[in-house]
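Here is the file coords-v7.cif (mmCIF, C-alpha atoms and all ligand atoms).
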```
data_start
#
loop_
_atom_site.label_atom_id
_atom_site.label_comp_id
_atom_site.auth_asym_id
_atom_site.auth_seq_id
_atom_site.Cartn_x
_atom_site.Cartn_y
_atom_site.Cartn_z
CA MET A 189 0.00 0.00 0.00
CA ALA A 190 1.63 3.25 -1.13
CA ASN A 191 -0.19 5.63 1.15
CA LEU A 192 1.79 8.79 1.83
CA SER A 193 1.70 10.35 5.26
CA LEU A 194 3.15 13.42 6.88
CA ASP A 195 3.23 13.50 10.67
CA GLY A 196 4.06 16.74 12.42
CA THR A 197 6.19 17.68 9.44
CA THR A 198 7.89 21.03 9.92
CA LYS A 199 10.47 23.01 7.97
CA VAL A 200 12.20 26.03 9.42
CA PHE A 201 14.67 27.91 7.22
CA ASP A 202 17.39 29.79 9.05
CA ASP A 203 17.82 32.97 7.05
CA GLY A 204 20.60 34.74 8.98
CA ASP A 205 18.79 36.71 11.72
CA ASP A 206 15.38 35.39 10.78
CA GLU A 207 13.82 31.99 11.14
CA ILE A 208 11.22 31.29 8.47
CA VAL A 209 8.68 28.63 9.39
CA ALA A 210 7.83 27.50 5.86
CA VAL A 211 5.84 24.40 6.91
CA ASN A 212 4.37 24.20 10.39
CA ASP A 213 3.48 20.85 11.97
CA ILE A 214 1.52 19.35 9.10
CA ASP A 215 -0.38 16.08 9.52
CA LEU A 216 -1.65 14.72 6.23
CA GLU A 217 -2.49 11.26 4.91
CA ILE A 218 -2.95 10.48 1.22
CA GLU A 219 -4.49 7.08 0.59
CA ASP A 220 -3.11 4.55 -1.85
CA GLY A 221 -4.05 5.66 -5.38
CA GLU A 222 -5.56 8.93 -4.22
CA PHE A 223 -5.12 12.29 -6.02
CA VAL A 224 -4.65 15.08 -3.48
CA VAL A 225 -4.16 18.69 -4.55
CA LEU A 226 -2.11 20.90 -2.24
CA VAL A 227 -3.32 24.45 -2.81
CA GLY A 228 -2.68 27.84 -1.24
CA PRO A 229 -1.39 31.34 -1.97
CA SER A 230 2.18 32.13 -2.97
CA GLY A 231 4.67 31.48 -0.18
CA CYS A 232 2.35 29.26 1.92
CA GLY A 233 4.78 26.31 1.87
CA LYS A 234 3.51 24.13 -0.99
CA SER A 235 6.81 23.63 -2.79
CA THR A 236 8.70 23.11 0.46
CA THR A 237 6.25 20.34 1.41
CA LEU A 238 6.72 18.66 -1.95
CA ARG A 239 10.50 19.05 -1.82
CA MET A 240 10.61 17.41 1.61
CA ILE A 241 8.62 14.44 0.30
CA ALA A 242 10.96 14.18 -2.70
CA GLY A 243 14.03 14.44 -0.47
CA LEU A 244 15.25 17.76 -1.89
CA ASP A 245 14.74 19.48 1.51
CA THR A 246 15.15 17.88 4.93
CA PRO A 247 12.34 18.34 7.49
CA THR A 248 13.36 20.17 10.67
CA SER A 249 11.07 17.80 12.57
CA GLY A 250 8.34 15.26 11.98
CA THR A 251 8.16 12.19 9.77
CA ILE A 252 7.23 11.39 6.17
CA SER A 253 6.24 7.80 5.34
CA ILE A 254 5.30 5.83 2.27
CA GLY A 255 3.37 2.62 2.94
CA GLY A 256 4.06 3.10 6.65
CA GLU A 257 7.84 3.22 6.19
CA PRO A 258 9.60 6.45 7.20
CA ILE A 259 11.53 7.88 4.25
CA GLN A 260 12.82 11.21 5.55
CA ASP A 261 16.34 9.83 6.04
CA LYS A 262 16.53 8.24 2.58
CA ARG A 263 18.29 9.93 -0.32
CA PRO A 264 16.01 11.20 -3.12
CA GLN A 265 17.00 8.40 -5.51
CA GLU A 266 16.20 5.77 -2.87
CA ARG A 267 12.61 7.01 -2.57
CA ASP A 268 10.11 5.43 -4.90
CA ILE A 269 8.89 8.81 -6.08
CA ALA A 270 8.77 10.64 -9.43
CA MET A 271 8.47 14.40 -9.53
CA VAL A 272 7.35 16.62 -12.38
CA PHE A 273 8.44 20.24 -12.15
CA GLN A 274 6.80 23.40 -13.45
CA SER A 275 9.83 23.98 -15.67
CA TYR A 276 9.68 20.36 -17.03
CA ALA A 277 13.49 20.11 -16.45
CA LEU A 278 14.13 18.23 -19.70
CA TYR A 279 17.69 17.80 -20.98
CA PRO A 280 17.86 19.99 -24.11
CA HIS A 281 20.66 18.02 -25.82
CA MET A 282 18.81 14.70 -25.53
CA THR A 283 15.96 13.42 -27.68
CA VAL A 284 12.57 12.69 -26.14
CA ARG A 285 13.43 8.98 -26.11
CA GLU A 286 16.75 9.68 -24.34
CA ASN A 287 15.08 12.02 -21.85
CA MET A 288 12.59 9.30 -20.96
CA SER A 289 15.18 6.46 -20.89
CA PHE A 290 17.85 8.29 -18.93
CA GLY A 291 16.48 7.72 -15.41
CA LEU A 292 15.92 4.03 -16.10
CA GLU A 293 19.45 3.51 -17.42
CA GLU A 294 20.88 5.25 -14.34
CA SER A 295 18.83 3.73 -11.58
CA THR A 296 17.49 0.32 -12.65
CA ASP A 297 18.95 -2.91 -13.92
CA MET A 298 16.47 -3.10 -16.82
CA SER A 299 17.88 -4.38 -20.11
CA ASP A 300 18.04 -2.06 -23.15
CA ASP A 301 15.08 -3.91 -24.68
CA GLU A 302 13.00 -3.55 -21.52
CA ILE A 303 13.80 0.16 -21.35
CA ARG A 304 12.85 0.65 -25.02
CA GLU A 305 9.56 -1.16 -24.49
CA THR A 306 8.73 0.79 -21.32
CA VAL A 307 9.48 4.14 -22.99
CA GLU A 308 7.47 3.25 -26.09
CA ASP A 309 4.50 2.12 -23.97
CA ALA A 310 4.54 5.39 -22.02
CA ALA A 311 4.89 7.40 -25.25
CA GLU A 312 1.87 5.55 -26.63
CA THR A 313 -0.17 6.28 -23.49
CA LEU A 314 0.69 9.98 -23.75
CA GLY A 315 0.27 10.23 -27.53
CA ILE A 316 3.86 11.33 -28.14
CA THR A 317 5.17 8.38 -30.18
CA PRO A 318 5.86 10.57 -33.27
CA LEU A 319 8.00 12.88 -31.12
CA LEU A 320 10.40 10.28 -29.71
CA ASP A 321 13.34 11.32 -31.90
CA ARG A 322 12.90 15.08 -31.50
CA LYS A 323 14.72 17.28 -29.02
CA PRO A 324 12.80 19.40 -26.44
CA GLY A 325 13.59 22.64 -28.31
CA ALA A 326 11.49 21.39 -31.22
CA LEU A 327 8.40 20.74 -29.07
CA SER A 328 5.51 22.93 -27.98
CA GLY A 329 4.91 23.61 -24.26
CA GLY A 330 2.15 21.01 -24.12
CA GLN A 331 4.35 18.40 -25.81
CA GLN A 332 7.22 19.12 -23.42
CA GLN A 333 4.78 18.70 -20.56
CA ARG A 334 3.82 15.26 -21.84
CA VAL A 335 7.49 14.26 -22.11
CA ALA A 336 8.08 15.36 -18.51
CA LEU A 337 5.11 13.22 -17.47
CA GLY A 338 6.42 10.35 -19.59
CA ARG A 339 9.75 10.51 -17.81
CA ALA A 340 7.91 10.18 -14.51
CA ILE A 341 5.59 7.36 -15.66
CA VAL A 342 8.34 5.07 -16.97
CA ARG A 343 9.77 4.83 -13.47
CA ASN A 344 6.51 3.24 -12.29
CA PRO A 345 6.83 5.01 -8.93
CA GLU A 346 4.75 4.50 -5.81
CA VAL A 347 4.15 8.24 -5.55
CA PHE A 348 3.87 11.06 -8.11
CA LEU A 349 4.66 14.61 -7.08
CA LEU A 350 3.59 17.33 -9.50
CA ASP A 351 4.62 20.94 -8.85
CA GLU A 352 2.41 23.37 -10.82
CA PRO A 353 2.91 21.25 -13.96
CA LEU A 354 0.39 23.16 -16.09
CA SER A 355 1.25 26.74 -15.24
CA ASN A 356 3.33 27.37 -18.37
CA LEU A 357 0.50 26.38 -20.71
CA ASP A 358 -2.15 28.66 -22.21
CA ALA A 359 -5.65 28.53 -20.71
CA LYS A 360 -7.16 26.22 -23.35
CA LEU A 361 -4.34 23.68 -23.27
CA ARG A 362 -4.29 23.83 -19.49
CA ALA A 363 -7.97 22.86 -19.34
CA GLN A 364 -7.35 19.98 -21.76
CA MET A 365 -4.27 18.75 -19.88
CA ARG A 366 -6.17 18.88 -16.57
CA THR A 367 -8.61 16.31 -17.88
CA GLU A 368 -5.86 14.20 -19.45
CA LEU A 369 -3.81 14.21 -16.26
CA GLN A 370 -6.78 13.16 -14.16
CA GLN A 371 -7.55 10.34 -16.59
CA LEU A 372 -3.92 9.24 -16.60
CA GLN A 373 -3.68 9.26 -12.81
CA ASN A 374 -6.91 7.30 -12.62
CA ASP A 375 -5.65 4.70 -15.12
CA LEU A 376 -2.27 4.36 -13.41
CA GLY A 377 -3.71 4.44 -9.88
CA VAL A 378 -0.57 6.07 -8.50
CA THR A 379 -0.77 7.97 -5.20
CA THR A 380 -0.39 11.60 -6.31
CA MET A 381 0.25 14.94 -4.69
CA TYR A 382 -0.32 17.88 -7.04
CA VAL A 383 0.65 21.42 -6.10
CA THR A 384 -1.05 24.51 -7.47
CA HIS A 385 -1.95 28.02 -6.37
CA ASP A 386 -4.98 27.90 -8.68
CA GLN A 387 -8.16 27.12 -6.75
CA THR A 388 -10.06 26.20 -9.92
CA GLU A 389 -7.45 23.55 -10.72
CA ALA A 390 -7.70 22.26 -7.15
CA MET A 391 -11.51 22.15 -7.16
CA THR A 392 -11.73 20.35 -10.50
CA MET A 393 -8.86 17.88 -10.18
CA GLY A 394 -8.48 16.61 -6.64
CA ASP A 395 -10.18 13.61 -5.01
CA ARG A 396 -9.42 15.72 -1.95
CA ILE A 397 -7.76 19.08 -1.53
CA ALA A 398 -5.39 20.19 1.20
CA ILE A 399 -5.51 23.95 1.73
CA LEU A 400 -2.40 25.56 3.13
CA ASN A 401 -1.85 29.07 4.48
CA ASP A 402 1.23 30.44 6.23
CA GLY A 403 2.73 26.96 6.41
CA GLU A 404 -0.30 25.53 8.21
CA LEU A 405 -2.87 23.05 6.95
CA GLN A 406 -6.26 24.78 7.04
CA GLN A 407 -8.49 21.97 5.81
CA LEU A 408 -8.28 18.58 4.11
CA GLY A 409 -11.44 17.37 2.42
CA THR A 410 -13.23 16.76 -0.85
CA PRO A 411 -13.62 19.89 -3.01
CA MET A 412 -17.33 19.98 -2.17
CA GLU A 413 -16.73 19.65 1.59
CA CYS A 414 -14.19 22.46 1.55
CA TYR A 415 -16.44 24.66 -0.60
CA HIS A 416 -19.69 24.08 1.29
CA GLU A 417 -18.32 23.51 4.79
CA PRO A 418 -15.17 25.62 5.04
CA SER A 419 -13.42 25.17 8.37
CA ASN A 420 -12.52 28.86 8.65
CA VAL A 421 -12.68 32.28 7.02
CA PHE A 422 -9.46 31.70 5.07
CA VAL A 423 -10.75 28.57 3.31
CA ALA A 424 -14.14 30.21 2.72
CA GLY A 425 -12.51 33.21 1.05
CA PHE A 426 -9.88 31.24 -0.87
CA LEU A 427 -12.26 28.87 -2.66
CA GLY A 428 -14.81 30.32 -5.07
CA GLU A 429 -14.73 32.95 -7.79
CA PRO A 430 -16.00 35.62 -7.22
CA ALA A 431 -15.07 35.18 -3.57
CA MET A 432 -17.51 34.76 -0.70
CA ASN A 433 -18.88 38.07 0.71
CA PHE A 434 -17.99 38.74 4.35
CA PHE A 435 -19.53 41.13 6.91
CA ASP A 436 -18.07 41.82 10.35
CA LEU A 437 -20.99 41.96 12.76
CA GLU A 438 -21.68 42.02 16.47
CA LEU A 439 -23.97 39.55 18.20
CA ASP A 440 -26.68 41.25 20.26
CA GLY A 441 -29.15 38.73 21.67
CA GLY A 442 -30.22 36.67 18.65
CA THR A 443 -29.43 39.45 16.16
CA LEU A 444 -26.23 40.24 14.29
CA ARG A 445 -25.75 44.00 14.01
CA GLY A 446 -23.48 45.71 11.55
CA ASP A 447 -22.80 48.57 9.19
CA GLY A 448 -26.09 49.29 7.45
CA PHE A 449 -28.05 46.20 8.39
CA ASP A 450 -29.16 43.83 11.13
CA TYR A 451 -29.62 40.12 10.60
CA ALA A 452 -31.99 38.21 12.87
CA LEU A 453 -30.97 34.61 13.47
CA SER A 454 -33.36 31.73 14.07
CA PRO A 455 -33.02 30.20 17.57
CA GLU A 456 -31.23 27.11 16.16
CA VAL A 457 -28.56 29.17 14.37
CA ALA A 458 -28.27 31.62 17.27
CA ALA A 459 -27.38 28.64 19.50
CA ASP A 460 -24.33 27.92 17.30
CA VAL A 461 -22.89 31.41 17.83
CA ASP A 462 -23.95 31.83 21.45
CA GLY A 463 -21.07 33.17 23.56
CA HIS A 464 -19.28 34.84 20.63
CA THR A 465 -19.45 38.64 20.37
CA ASP A 466 -17.68 39.37 17.08
CA VAL A 467 -19.11 37.25 14.31
CA THR A 468 -18.28 37.28 10.60
CA LEU A 469 -21.17 36.44 8.30
CA GLY A 470 -20.21 34.94 4.93
CA ILE A 471 -22.43 34.34 1.93
CA ARG A 472 -21.47 33.20 -1.56
CA PRO A 473 -22.30 35.46 -4.53
CA GLU A 474 -24.59 32.81 -6.03
CA SER A 475 -26.60 32.45 -2.80
CA VAL A 476 -27.83 36.04 -2.39
CA ASP A 477 -31.36 36.90 -3.58
CA ILE A 478 -31.85 40.28 -5.27
CA ILE A 479 -35.33 41.79 -5.13
CA ASP A 480 -35.73 44.30 -7.99
CA ASP A 481 -38.74 46.16 -6.69
CA ILE A 482 -38.00 47.04 -3.12
CA ASP A 483 -41.47 48.58 -2.57
CA ASP A 484 -42.98 45.11 -2.98
CA ALA A 485 -40.65 43.70 -0.38
CA ALA A 486 -41.80 44.84 2.99
CA ASP A 487 -40.06 41.86 4.58
CA GLU A 488 -37.84 42.64 7.53
CA ASP A 489 -35.11 40.44 6.15
CA VAL A 490 -34.72 42.45 2.93
CA ILE A 491 -31.73 44.80 3.09
CA PRO A 492 -31.80 47.95 0.90
CA ALA A 493 -28.85 48.16 -1.50
CA THR A 494 -27.73 50.10 -4.57
CA VAL A 495 -26.32 48.55 -7.73
CA GLU A 496 -22.87 50.02 -8.43
CA VAL A 497 -21.50 47.98 -11.34
CA VAL A 498 -22.83 45.14 -13.50
CA GLU A 499 -20.14 42.94 -15.05
CA PRO A 500 -21.28 40.58 -17.82
CA HIS A 501 -19.68 37.10 -17.53
CA GLY A 502 -21.58 35.47 -20.42
CA ASP A 503 -24.44 33.36 -19.10
CA GLU A 504 -24.17 35.10 -15.72
CA ASN A 505 -23.63 38.68 -14.57
CA ALA A 506 -21.63 39.76 -11.52
CA VAL A 507 -23.47 42.59 -9.75
CA HIS A 508 -21.53 44.75 -7.31
CA LEU A 509 -23.77 46.45 -4.75
CA ARG A 510 -23.48 48.79 -1.78
CA ILE A 511 -25.63 48.22 1.27
CA GLY A 512 -27.65 51.18 2.61
CA ASP A 513 -26.76 54.79 1.89
CA GLU A 514 -23.53 55.65 3.60
CA THR A 515 -21.89 52.38 4.55
CA ASP A 516 -18.64 50.64 3.70
CA ALA A 517 -20.52 47.39 3.27
CA SER A 518 -20.50 46.10 -0.28
CA LEU A 519 -21.10 42.74 -1.87
CA THR A 520 -21.01 40.86 -5.14
CA VAL A 521 -23.94 38.79 -6.37
CA MET A 522 -24.10 36.47 -9.39
CA ILE A 523 -27.36 36.65 -11.34
CA ASP A 524 -28.67 35.12 -14.54
CA GLY A 525 -27.15 36.75 -17.64
CA MET A 526 -30.63 37.47 -19.06
CA ARG A 527 -31.72 39.45 -15.99
CA TYR A 528 -31.40 43.21 -16.37
CA LEU A 529 -30.10 45.42 -13.58
CA SER A 530 -28.42 48.80 -14.07
CA ALA A 531 -25.94 50.92 -12.14
CA GLY A 532 -27.67 53.24 -9.67
CA GLN A 533 -30.75 51.03 -9.34
CA GLU A 534 -32.18 50.67 -5.81
CA VAL A 535 -32.85 47.05 -4.97
CA GLY A 536 -33.15 44.78 -1.94
CA VAL A 537 -30.88 41.87 -1.05
CA ARG A 538 -31.75 38.88 1.10
CA PHE A 539 -29.39 36.31 2.65
CA PRO A 540 -31.30 33.02 3.00
CA GLU A 541 -30.39 31.59 6.38
CA ASP A 542 -29.66 28.13 4.98
CA ALA A 543 -26.91 29.70 2.79
CA ILE A 544 -25.07 31.77 5.39
CA HIS A 545 -21.76 30.82 7.01
CA LEU A 546 -20.85 32.21 10.42
CA PHE A 547 -17.29 32.49 11.73
CA ASP A 548 -15.77 33.71 14.98
CA GLY A 549 -14.77 37.32 14.22
CA VAL A 550 -11.48 36.97 16.09
CA THR A 551 -10.18 33.46 15.34
CA GLY A 552 -11.93 33.00 11.98
CA GLU A 553 -13.05 29.47 12.96
CA ALA A 554 -16.36 28.29 11.49
CA LEU A 555 -19.26 28.37 13.96
CA HIS A 556 -22.12 27.51 11.63
P1 LIG B 601 4.89 29.69 -4.58
O1 LIG B 601 3.45 29.36 -4.90
O2 LIG B 601 5.17 31.15 -4.70
O3 LIG B 601 5.87 28.80 -5.26
P2 LIG B 601 4.99 28.11 -2.13
O4 LIG B 601 3.66 27.97 -1.48
O5 LIG B 601 5.47 26.96 -2.93
O6 LIG B 601 5.05 29.44 -2.98
P3 LIG B 601 7.46 27.85 -0.66
O7 LIG B 601 8.32 28.01 -1.86
O8 LIG B 601 7.32 26.50 -0.08
O9 LIG B 601 6.01 28.43 -0.94
O10 LIG B 601 7.99 28.86 0.46
C1 LIG B 601 7.43 28.92 1.77
C2 LIG B 601 8.18 29.98 2.58
O11 LIG B 601 9.51 29.53 2.81
C3 LIG B 601 8.30 31.32 1.88
O12 LIG B 601 8.22 32.32 2.89
C4 LIG B 601 9.69 31.29 1.29
O13 LIG B 601 10.23 32.58 1.17
C5 LIG B 601 10.46 30.46 2.30
N1 LIG B 601 11.57 29.68 1.69
C6 LIG B 601 11.46 28.74 0.74
N2 LIG B 601 12.68 28.22 0.45
C7 LIG B 601 13.57 28.87 1.24
C8 LIG B 601 14.99 28.81 1.43
N3 LIG B 601 15.74 27.94 0.74
N4 LIG B 601 15.55 29.64 2.34
C9 LIG B 601 14.81 30.51 3.06
N5 LIG B 601 13.46 30.62 2.92
C10 LIG B 601 12.86 29.82 2.05
#
```
Please re-express this file's structure in structure tokens.
Ligand code: ATP
Amino acid sequence: MANLSLDGTTKVFDDGDDEIVAVNDIDLEIEDGEFVVLVGPSGCGKSTTLRMIAGLDTPTSGTISIGGEPIQDKRPQERDIAMVFQSYALYPHMTVRENMSFGLEESTDMSDDEIRETVEDAAETLGITPLLDRKPGALSGGQQQRVALGRAIVRNPEVFLLDEPLSNLDAKLRAQMRTELQQLQNDLGVTTMYVTHDQTEAMTMGDRIAILNDGELQQLGTPMECYHEPSNVFVAGFLGEPAMNFFDLELDGGTLRGDGFDYALSPEVAADVDGHTDVTLGIRPESVDIIDDIDDAADEDVIPATVEVVEPHGDENAVHLRIGDETDASLTVMIDGMRYLSAGQEVGVRFPEDAIHLFDGVTGEALH
């Protein structure tokens, strides 16, 4: 079983006067054959995590195991891991065939015939057979990417590590390669950790996603779990485009009070936030109702707002609104592309209670 686990894994870089905690006490288990995407903003520790697993950086503390066996003291070439880098790292003076054979010649006792067969099988799988005798300089970005993958596949590793492998490709090719990579990983059934800063890539590719911020694991779950049940404000704001709307409010009895509006909670929801004074309310742009004719909406839960900008996105429009007259509270709402709203229009917005997220205003932890 090639499950990959990190236990209390930490990396501190000593940068002269400063100590940089790049990865802070991460516990993470990837099951055999699972595809986990490690995602987070620039500098959050993604590459350092991957490099420690590959053996290119040494953990300051904690363990890393494959199939239950600690590997952190093994040299990179002794680990049954193949890594694909953002830069592809192909040898420019070698042909595609030589690039793919090289690792096998160096580190296995396979015969020349076995190596040729393995390379040709991988080339077939990746659709690059006609390119085998070309050099990397004569290949497109997408083709080079396939060769880099081919070089990893031929080693038949227990674990694949992929570090932003699609970031040098244009948007269309990236979307195509995402699907191909998922299919390939599924066919090969290799335990895979895939690093990206792109939340769309994470949401669409991973069996589960691990969200990192400031070197700390924020949440590990399926894309849907992380999207619908974020463990804290960071995860809630990181996943989703446009981002979730947040309002800093104060709990007063069963009502949240804030800049320009009050929000009355049902007794069940109020029980979840009981004892917290500062509460952040979050609601996704697709979950807000807009009521065009505010005169018809005498409901207490309708909040007056003014349309500031309408941004067409094709079949949907992003509407940016300001709450009340003189507040700093603004929000973005996604509406059907056929629905007409114009800048300056007075409308009402409503936050259905079953769509709201509530977080502690100080710690950011999810409360409801
Ligand atoms: P990006 O998406 O920009 O590649 P990342 O999430 O992969 O970022 P890391 O490259 O792992 O982040 O870096 C995490 C932190 O560790 C950053 O603050 C970075 O500056 C620091 N760091 C990384 N490598 C070193 C090093 N060799 N020496 C000192 N600090 C380092």
Compile a residue-level contact table for chain A against ligand LIG 601 (chain B) at a cut-off of 7 Å, reporting for every qualifying residue the shortest atom pair and its distance in Å to one decimal, with all atoms listed in the file counted, rows ordered by chain and ascending number, as JSON lines.
```
{"residue": "A:Phe201", "atom": "CA", "partner": "B:LIG601", "partner_atom": "C9", "distance": 4.9}
{"residue": "A:Asp202", "atom": "CA", "partner": "B:LIG601", "partner_atom": "C9", "distance": 6.6}
{"residue": "A:Asp203", "atom": "CA", "partner": "B:LIG601", "partner_atom": "C9", "distance": 5.6}
{"residue": "A:Ile208", "atom": "CA", "partner": "B:LIG601", "partner_atom": "N5", "distance": 6.0}
{"residue": "A:Val209", "atom": "CA", "partner": "B:LIG601", "partner_atom": "O11", "distance": 6.7}
{"residue": "A:Ala210", "atom": "CA", "partner": "B:LIG601", "partner_atom": "O11", "distance": 4.0}
{"residue": "A:Gly228", "atom": "CA", "partner": "B:LIG601", "partner_atom": "O4", "distance": 6.3}
{"residue": "A:Pro229", "atom": "CA", "partner": "B:LIG601", "partner_atom": "O1", "distance": 6.0}
{"residue": "A:Ser230", "atom": "CA", "partner": "B:LIG601", "partner_atom": "O2", "distance": 3.6}
{"residue": "A:Gly231", "atom": "CA", "partner": "B:LIG601", "partner_atom": "O9", "distance": 3.4}
{"residue": "A:Cys232", "atom": "CA", "partner": "B:LIG601", "partner_atom": "O4", "distance": 3.9}
{"residue": "A:Gly233", "atom": "CA", "partner": "B:LIG601", "partner_atom": "O8", "distance": 3.2}
{"residue": "A:Lys234", "atom": "CA", "partner": "B:LIG601", "partner_atom": "O4", "distance": 3.9}
{"residue": "A:Ser235", "atom": "CA", "partner": "B:LIG601", "partner_atom": "O5", "distance": 3.6}
{"residue": "A:Thr236", "atom": "CA", "partner": "B:LIG601", "partner_atom": "O8", "distance": 3.7}
{"residue": "A:Thr237", "atom": "CA", "partner": "B:LIG601", "partner_atom": "O8", "distance": 6.4}
{"residue": "A:His385", "atom": "CA", "partner": "B:LIG601", "partner_atom": "O1", "distance": 5.8}
{"residue": "A:Gly403", "atom": "CA", "partner": "B:LIG601", "partner_atom": "C1", "distance": 6.9}
```
Near-A:Gly291 list (12 Å; only C-alpha atoms; drop same-chain fewer than 6 positions) as a ChimeraX atom specification:
/A:265,270-271,278-279,285,297-298,303,306-307,336,338-345
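The residue that comes closest to A:Gly221, out of A:Val507, A:Ile544, A:Met526, A:Leu376 and on the basis of all atoms listed in the file, is A:Leu376.
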- request: Compute the distance from (-20.8, 43.6, -11.2) to each atom, counting only C-alpha atoms, keep the residues with any atom at most 10 Å away, and return them as a ChimeraX atom specification; use the coordinates of the file.
  value: /A:495-501,505-509,519-523,529-531
If you count all atoms listed in the file, the residue of A:Ile511, A:Met412, A:Ala310, A:Ala543 closest to A:Val476 turns out to be A:Ala543
Taking 6 positions as the minimum chain separation for residues in the same chain, which residues sit within 12 Å of A:Thr380 when counting only C-alpha atoms? Answer as a JSON list (two decimals) with C-alpha atoms, keeping the file's coordinate frame.
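Resulting contents of result_23.json:
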```
[["chain", "number", "residue", "atom", "x", "y", "z"],
["A", 190, "ALA", "CA", 1.63, 3.25, -1.13],
["A", 191, "ASN", "CA", -0.19, 5.63, 1.15],
["A", 192, "LEU", "CA", 1.79, 8.79, 1.83],
["A", 193, "SER", "CA", 1.70, 10.35, 5.26],
["A", 217, "GLU", "CA", -2.49, 11.26, 4.91],
["A", 218, "ILE", "CA", -2.95, 10.48, 1.22],
["A", 219, "GLU", "CA", -4.49, 7.08, 0.59],
["A", 220, "ASP", "CA", -3.11, 4.55, -1.85],
["A", 221, "GLY", "CA", -4.05, 5.66, -5.38],
["A", 222, "GLU", "CA", -5.56, 8.93, -4.22],
["A", 223, "PHE", "CA", -5.12, 12.29, -6.02],
["A", 224, "VAL", "CA", -4.65, 15.08, -3.48],
["A", 225, "VAL", "CA", -4.16, 18.69, -4.55],
["A", 226, "LEU", "CA", -2.11, 20.90, -2.24],
["A", 238, "LEU", "CA", 6.72, 18.66, -1.95],
["A", 241, "ILE", "CA", 8.62, 14.44, 0.30],
["A", 254, "ILE", "CA", 5.30, 5.83, 2.27],
["A", 269, "ILE", "CA", 8.89, 8.81, -6.08],
["A", 270, "ALA", "CA", 8.77, 10.64, -9.43],
["A", 271, "MET", "CA", 8.47, 14.40, -9.53],
["A", 272, "VAL", "CA", 7.35, 16.62, -12.38],
["A", 340, "ALA", "CA", 7.91, 10.18, -14.51],
["A", 341, "ILE", "CA", 5.59, 7.36, -15.66],
["A", 345, "PRO", "CA", 6.83, 5.01, -8.93],
["A", 346, "GLU", "CA", 4.75, 4.50, -5.81],
["A", 347, "VAL", "CA", 4.15, 8.24, -5.55],
["A", 348, "PHE", "CA", 3.87, 11.06, -8.11],
["A", 349, "LEU", "CA", 4.66, 14.61, -7.08],
["A", 350, "LEU", "CA", 3.59, 17.33, -9.50],
["A", 351, "ASP", "CA", 4.62, 20.94, -8.85],
["A", 369, "LEU", "CA", -3.81, 14.21, -16.26],
["A", 370, "GLN", "CA", -6.78, 13.16, -14.16],
["A", 372, "LEU", "CA", -3.92, 9.24, -16.60],
["A", 373, "GLN", "CA", -3.68, 9.26, -12.81],
["A", 374, "ASN", "CA", -6.91, 7.30, -12.62],
["A", 393, "MET", "CA", -8.86, 17.88, -10.18],
["A", 394, "GLY", "CA", -8.48, 16.61, -6.64],
["A", 395, "ASP", "CA", -10.18, 13.61, -5.01],
["A", 396, "ARG", "CA", -9.42, 15.72, -1.95],
["A", 397, "ILE", "CA", -7.76, 19.08, -1.53]]
```
